[in-house]
Amino acid sequence: MAYSLSMAVVTPALALIQQGLHTTAAGAAWALTSMTLSAAVATPVVGRLGDLYGPRRVLLAVLVIATVGMVVAAAAGSLPLMLLGRMLSGIGGGVFPLAYTIIRDVFPPARTASAVGLMSSMLGLGGAVSWCLAGPIIDLLGWRWLLWVPVAGLVPGVLLAWWIVPASEPREAAGVDWWGAALFAGWLVAALTALTEGMDWGWTSPGVLGLLGLAALLAAAWLRVETRVAEPLVDLRLMRVRGVWTANAASLLSGYALMAGGLLFPLLVQLPASTGYGFGGTATQAALLQLPASIGMTAAGMTAGLLDRRIGSRLVLLGGAVLTAAGYAFVVVQHAAMWQLYVGGLGRGIGLGFAYAAVANLVVAAVPAGETGVATGINTLIRTVGASLGTQVSAVIVAGLPGERGFSAGFAVSAAVMVAVLPLALLVPRRGRRSRGGVTSPGKECRTAPVS
């Protein structure tokens with residue numbers, strides 16, 4: 001939760017960071033971009049290291065590095081120092097695949113789905129809670145205190161992980177595909193930088209086109225390496241398993257739906273009432289709008305495990321997509337009063353809580369135990385890419401369609417994105433033979449149909 005909060009917490013404070021560090025708007029935006037890029041590269045690599053050397057050892061190292069990075073960022077007096085701290089913090093993105101691996105190792109099968117659902121909901125909840133905390137903390141204490149909040153969660157988190165998390169046996173005679181990791185980092189950083197800078201530089205600018213071309217070349221080289229090494233960073237055959245690729249595609253779209261609302265709802269609330277459609281609200285009022293959705297998301301994540309045992313994650317994902325799409329569709333046509341935003345936002349939050357939990361459970365159930373870390377790391381990474389797309393595309397829509405039409409269109413696109421999850425949910429393999437613990441035997445689909 002503390003890591004997820006640290007990822008999103010700078011978004012409400014970007015304008016104040018710009019003033020406090022005497023930088024430009026683009027420079028302040030890199031406080032978010034640098035951590036996103038670092039997390040994108042680190043998450044699958046850390047997940048792989050956890051699979052090889054044991055998740056507890058890697059988890060403790062990752063938490064310590066992330067905590068140091070957050071302290072550096074919070075205390076930074078200059079932009080370069082803040083960016084260094086944020087890049088170190090991004091390594092904490094590995095906590096999610098490591099957590100999934102630990103859950104699979106130590107929990108009885110009947111409790112795995114519930115634990116994975118709760119853990120998965122934390123990724124979305126951190127972004128929502130950041131908006132809830134941002135207004136009061138900025139108004140009363142100042143923006144720097146916002147950066148110290150995740151530290152207050154991570155320090156006890158490190159101690160509790162050291163005390164509680166059990167050790168597990170590492171895999172023998174296995175190595176890390178460092179060439180694959182380097183090429184993976186290269187194309188991913190190039191692609192995400194082009195994505196995040198597209199609005200400022202122009203989508204057809206030489207810089208963006210050059211980065212996209214470089215990303216394509218490095219991705220081709222990475223694919224070639226991964227198909228030839230004995231221990232690839234990402235087993236591409238595993239990514240073609242139907243239970244994995246459908247969950248990853250649904251993660252991309254769900255990430256979009258989460259962050260699109262994170263931009264559109266607060267912006268609409270804080271626009272002046274003189275526009276005829278804004279509410280003239282404060283940052284605190286915008287934060288309060290996120291509170292019911294945050295509670296709904298957490299409750300849905302906790303409930304998803306119980307539903308998994310009864311109806312399977314396939315139907316949980318289907319229901320989550322329907323709820324999220326319905327919440328967005330409601331505010332497309334009804335957003336003239338705050339209660340309408342609360343209703344739509346609550347439907348969105350509950351639906352995304354179900355969807356986030358379902359995709360994580362689907363990936364965990366579809367891969368062998370030794371691949372849990374890297375598979376869930378890729379899934380988390382894809383969700384992060386979807387979140388970046390949600391922010392960027394929604395901003396382009398609001399800027400390109402002036403007035404109320406921009407918000408209606410932004411909500412409508414988000415609804416359509418979640419409608420696209422429905423066929424993916426229907427393509428998810430039906431739950432197979434159940435073990436005595438009540439969940440699908442891990443990795444069974446992968447072993448019997450590796451390229452389905």
# chains A, B, ... in the order shown; residues from 1 in each chain; ligands from 1

call {"tool": "residues_around", "arguments": {"residues": "A:Gly351", "least_positions_apart": "2", "cutoff": "7 Å", "atoms": "only C-alpha atoms", "output": "list in words"}}
result
Gly320, Ala321, Leu323, Thr324, Gly347, Arg348, Gly349, Gly353, Phe354 and Ala355 of chain A

call {"tool": "residues_around", "arguments": {"residues": "stretch 249-266 of chain A", "least_positions_apart": "4", "cutoff": "7 Å", "atoms": "only C-alpha atoms", "output": "list in words"}}
result
Trp245, Gln270, Ala286, Leu352, Val359, Asn379, Ile382, Arg383, Thr384, Val385, Gly386, Ala387, Leu389, Gly390, Thr391, Ser394, Phe407, Ser414, Val417, Met418, Val421 and Leu424 of chain A

call {"tool": "atom_distance", "arguments": {"atom1": "atom CA of A:Ala113", "atom2": "atom CA of A:Ser4"}}
result
20.4 Å

call {"tool": "closest_residue", "arguments": {"among": "A:Leu427, A:Ala182, A:Ile138, A:Leu83", "to": "A:Leu233", "atoms": "only C-alpha atoms"}}
result
A:Ala182

call {"tool": "residues_around", "arguments": {"residues": "A:Arg224", "least_positions_apart": "5", "cutoff": "12 Å", "atoms": "only C-alpha atoms", "output": "VMD selection string"}}
result
chain A and resid 179 to 180 183 to 184 217 to 219 229 232 234 236

call {"tool": "write_last_selection", "arguments": {"atoms": "N, CA, C and O atoms", "output": "PDB file, in the first residue's frame"}}
result
ATOM      1  N   TRP A 179      21.278  -9.998 -20.512  1.00  0.00           N
ATOM      2  CA  TRP A 179      21.144  -9.380 -21.834  1.00  0.00           C
ATOM      3  C   TRP A 179      19.679  -9.101 -22.151  1.00  0.00           C
ATOM      4  O   TRP A 179      19.322  -8.040 -22.651  1.00  0.00           O
ATOM      5  N   GLY A 180      18.850 -10.078 -21.844  1.00  0.00           N
ATOM      6  CA  GLY A 180      17.417  -9.873 -22.053  1.00  0.00           C
ATOM      7  C   GLY A 180      16.883  -8.745 -21.196  1.00  0.00           C
ATOM      8  O   GLY A 180      16.054  -7.949 -21.642  1.00  0.00           O
ATOM      9  N   LEU A 183      18.024  -5.329 -22.760  1.00  0.00           N
ATOM     10  CA  LEU A 183      17.247  -4.984 -23.961  1.00  0.00           C
ATOM     11  C   LEU A 183      15.796  -4.668 -23.609  1.00  0.00           C
ATOM     12  O   LEU A 183      15.199  -3.749 -24.173  1.00  0.00           O
ATOM     13  N   PHE A 184      15.257  -5.429 -22.659  1.00  0.00           N
ATOM     14  CA  PHE A 184      13.892  -5.168 -22.205  1.00  0.00           C
ATOM     15  C   PHE A 184      13.789  -3.761 -21.628  1.00  0.00           C
ATOM     16  O   PHE A 184      12.861  -3.005 -21.932  1.00  0.00           O
ATOM     17  N   LEU A 217      13.203  -1.305 -32.611  1.00  0.00           N
ATOM     18  CA  LEU A 217      14.448  -2.028 -32.885  1.00  0.00           C
ATOM     19  C   LEU A 217      14.900  -2.840 -31.676  1.00  0.00           C
ATOM     20  O   LEU A 217      15.278  -4.008 -31.801  1.00  0.00           O
ATOM     21  N   LEU A 218      14.881  -2.199 -30.508  1.00  0.00           N
ATOM     22  CA  LEU A 218      15.320  -2.892 -29.303  1.00  0.00           C
ATOM     23  C   LEU A 218      14.356  -4.031 -28.939  1.00  0.00           C
ATOM     24  O   LEU A 218      14.782  -5.081 -28.445  1.00  0.00           O
ATOM     25  N   ALA A 219      13.061  -3.825 -29.186  1.00  0.00           N
ATOM     26  CA  ALA A 219      12.091  -4.888 -28.905  1.00  0.00           C
ATOM     27  C   ALA A 219      12.332  -6.095 -29.810  1.00  0.00           C
ATOM     28  O   ALA A 219      12.233  -7.251 -29.368  1.00  0.00           O
ATOM     29  N   VAL A 229      17.796 -18.062 -25.465  1.00  0.00           N
ATOM     30  CA  VAL A 229      18.510 -18.362 -24.228  1.00  0.00           C
ATOM     31  C   VAL A 229      17.783 -19.446 -23.448  1.00  0.00           C
ATOM     32  O   VAL A 229      16.561 -19.621 -23.571  1.00  0.00           O
ATOM     33  N   PRO A 232      15.252 -17.531 -20.157  1.00  0.00           N
ATOM     34  CA  PRO A 232      14.870 -16.172 -20.548  1.00  0.00           C
ATOM     35  C   PRO A 232      14.267 -15.390 -19.394  1.00  0.00           C
ATOM     36  O   PRO A 232      13.693 -15.971 -18.474  1.00  0.00           O
ATOM     37  N   VAL A 234      11.723 -13.442 -19.729  1.00  0.00           N
ATOM     38  CA  VAL A 234      10.294 -13.666 -19.935  1.00  0.00           C
ATOM     39  C   VAL A 234      10.134 -14.846 -20.880  1.00  0.00           C
ATOM     40  O   VAL A 234      10.604 -14.805 -22.018  1.00  0.00           O
ATOM     41  N   LEU A 236       8.417 -16.449 -23.438  1.00  0.00           N
ATOM     42  CA  LEU A 236       7.403 -15.988 -24.379  1.00  0.00           C
ATOM     43  C   LEU A 236       6.326 -17.041 -24.625  1.00  0.00           C
ATOM     44  O   LEU A 236       5.181 -16.704 -24.929  1.00  0.00           O
TER      45      LEU A 236
END

call {"tool": "select_by_dssp", "arguments": {"residues": "stretch 50-269 of chain A", "states": "alpha helix (DSSP H)", "output": "PyMOL selection string"}}
result
chain A and resi 50-53+55-75+79-90+95-106+109-140+143-164+178-201+206-226+236-239+242-269

call {"tool": "residues_around", "arguments": {"residues": "stretch 18-22 of chain A", "least_positions_apart": "2", "cutoff": "10 Å", "atoms": "only C-alpha atoms", "output": "number ranges by chain"}}
result
A: 13-16, 24-29, 31, 76-80, 82, 143-144

call {"tool": "write_last_selection", "arguments": {"atoms": "N, CA and C atoms", "output": "PDB file, in the first residue's frame"}}
result
ATOM      1  N   ALA A  13       0.434  17.042  -6.609  1.00  0.00           N
ATOM      2  CA  ALA A  13       1.342  18.093  -6.131  1.00  0.00           C
ATOM      3  C   ALA A  13       2.299  18.596  -7.210  1.00  0.00           C
ATOM      4  N   LEU A  14       2.090  18.222  -8.482  1.00  0.00           N
ATOM      5  CA  LEU A  14       3.068  18.570  -9.517  1.00  0.00           C
ATOM      6  C   LEU A  14       3.277  20.076  -9.642  1.00  0.00           C
ATOM      7  N   ALA A  15       2.194  20.850  -9.599  1.00  0.00           N
ATOM      8  CA  ALA A  15       2.342  22.307  -9.725  1.00  0.00           C
ATOM      9  C   ALA A  15       3.141  22.878  -8.560  1.00  0.00           C
ATOM     10  N   LEU A  16       2.932  22.359  -7.368  1.00  0.00           N
ATOM     11  CA  LEU A  16       3.667  22.846  -6.201  1.00  0.00           C
ATOM     12  C   LEU A  16       5.119  22.390  -6.226  1.00  0.00           C
ATOM     13  N   THR A  24      10.581  23.685 -14.455  1.00  0.00           N
ATOM     14  CA  THR A  24       9.500  23.849 -15.421  1.00  0.00           C
ATOM     15  C   THR A  24       8.415  22.804 -15.175  1.00  0.00           C
ATOM     16  N   ALA A  25       7.286  22.948 -15.857  1.00  0.00           N
ATOM     17  CA  ALA A  25       6.214  21.968 -15.742  1.00  0.00           C
ATOM     18  C   ALA A  25       6.679  20.603 -16.239  1.00  0.00           C
ATOM     19  N   ALA A  26       7.462  20.595 -17.341  1.00  0.00           N
ATOM     20  CA  ALA A  26       7.981  19.322 -17.856  1.00  0.00           C
ATOM     21  C   ALA A  26       8.946  18.688 -16.870  1.00  0.00           C
ATOM     22  N   GLY A  27       9.772  19.513 -16.208  1.00  0.00           N
ATOM     23  CA  GLY A  27      10.702  18.991 -15.214  1.00  0.00           C
ATOM     24  C   GLY A  27       9.970  18.374 -14.041  1.00  0.00           C
ATOM     25  N   ALA A  28       8.921  19.046 -13.571  1.00  0.00           N
ATOM     26  CA  ALA A  28       8.141  18.512 -12.459  1.00  0.00           C
ATOM     27  C   ALA A  28       7.454  17.206 -12.855  1.00  0.00           C
ATOM     28  N   ALA A  29       7.000  17.123 -14.108  1.00  0.00           N
ATOM     29  CA  ALA A  29       6.322  15.908 -14.563  1.00  0.00           C
ATOM     30  C   ALA A  29       7.253  14.694 -14.509  1.00  0.00           C
ATOM     31  N   ALA A  31       9.084  13.921 -12.153  1.00  0.00           N
ATOM     32  CA  ALA A  31       9.009  13.325 -10.820  1.00  0.00           C
ATOM     33  C   ALA A  31       8.083  12.116 -10.828  1.00  0.00           C
ATOM     34  N   ALA A  76      14.683  16.163  -0.944  1.00  0.00           N
ATOM     35  CA  ALA A  76      15.471  16.761  -2.030  1.00  0.00           C
ATOM     36  C   ALA A  76      15.255  18.270  -2.120  1.00  0.00           C
ATOM     37  N   GLY A  77      16.365  18.980  -2.306  1.00  0.00           N
ATOM     38  CA  GLY A  77      16.282  20.426  -2.504  1.00  0.00           C
ATOM     39  C   GLY A  77      16.443  20.832  -3.945  1.00  0.00           C
ATOM     40  N   SER A  78      16.642  19.857  -4.838  1.00  0.00           N
ATOM     41  CA  SER A  78      16.809  20.147  -6.264  1.00  0.00           C
ATOM     42  C   SER A  78      16.118  19.065  -7.071  1.00  0.00           C
ATOM     43  N   LEU A  79      15.821  19.380  -8.325  1.00  0.00           N
ATOM     44  CA  LEU A  79      15.130  18.422  -9.185  1.00  0.00           C
ATOM     45  C   LEU A  79      15.963  17.176  -9.448  1.00  0.00           C
ATOM     46  N   PRO A  80      17.270  17.271  -9.790  1.00  0.00           N
ATOM     47  CA  PRO A  80      18.039  16.039 -10.039  1.00  0.00           C
ATOM     48  C   PRO A  80      18.033  15.090  -8.843  1.00  0.00           C
ATOM     49  N   MET A  82      15.705  14.850  -6.516  1.00  0.00           N
ATOM     50  CA  MET A  82      14.376  14.251  -6.411  1.00  0.00           C
ATOM     51  C   MET A  82      14.204  13.130  -7.435  1.00  0.00           C
ATOM     52  N   TRP A 143       3.322  20.528   0.446  1.00  0.00           N
ATOM     53  CA  TRP A 143       3.465  19.396  -0.456  1.00  0.00           C
ATOM     54  C   TRP A 143       4.534  18.396  -0.030  1.00  0.00           C
ATOM     55  N   ARG A 144       5.593  18.836   0.671  1.00  0.00           N
ATOM     56  CA  ARG A 144       6.651  17.894   1.048  1.00  0.00           C
ATOM     57  C   ARG A 144       6.141  16.807   1.993  1.00  0.00           C
TER      58      ARG A 144
END

call {"tool": "residues_around", "arguments": {"residues": "stretch 408-411 of chain A", "least_positions_apart": "2", "cutoff": "6 Å", "atoms": "only C-alpha atoms", "output": "list in words"}}
result
Tyr328, Val332, Ser394, Arg405, Gly406, Val413 and Ser414 of chain A

call {"tool": "residues_around", "arguments": {"residues": "A:Thr376", "least_positions_apart": "3", "cutoff": "12 Å", "atoms": "only C-alpha atoms", "output": "PyMOL selection string"}}
result
chain A and resi 43-48+50-51+93-102+104+116+119-120+234+238-239+244-245+247-248+251+356-357+359-373+379-383

call {"tool": "closest_residue", "arguments": {"among": "A:Gly281, A:Pro429, A:Gly186, A:Gly345", "to": "A:Ala215", "atoms": "only C-alpha atoms"}}
result
A:Gly186

call {"tool": "closest_residue", "arguments": {"among": "A:Leu52, A:Val68, A:Met1, A:Ala42", "to": "A:Gly153", "atoms": "only C-alpha atoms"}}
result
A:Met1

call {"tool": "residues_around", "arguments": {"residues": "A:Met35", "least_positions_apart": "6", "cutoff": "9 Å", "atoms": "only C-alpha atoms", "output": "list in words"}}
result
Met7, Leu83, Gly85, Arg86, Met87, Leu88, Ser89, Gly90 and Ile91 of chain A

call {"tool": "closest_residue", "arguments": {"among": "A:Leu188, A:Ala216, A:Ala287, A:Leu346", "to": "A:Ala299", "atoms": "only C-alpha atoms"}}
result
A:Leu346
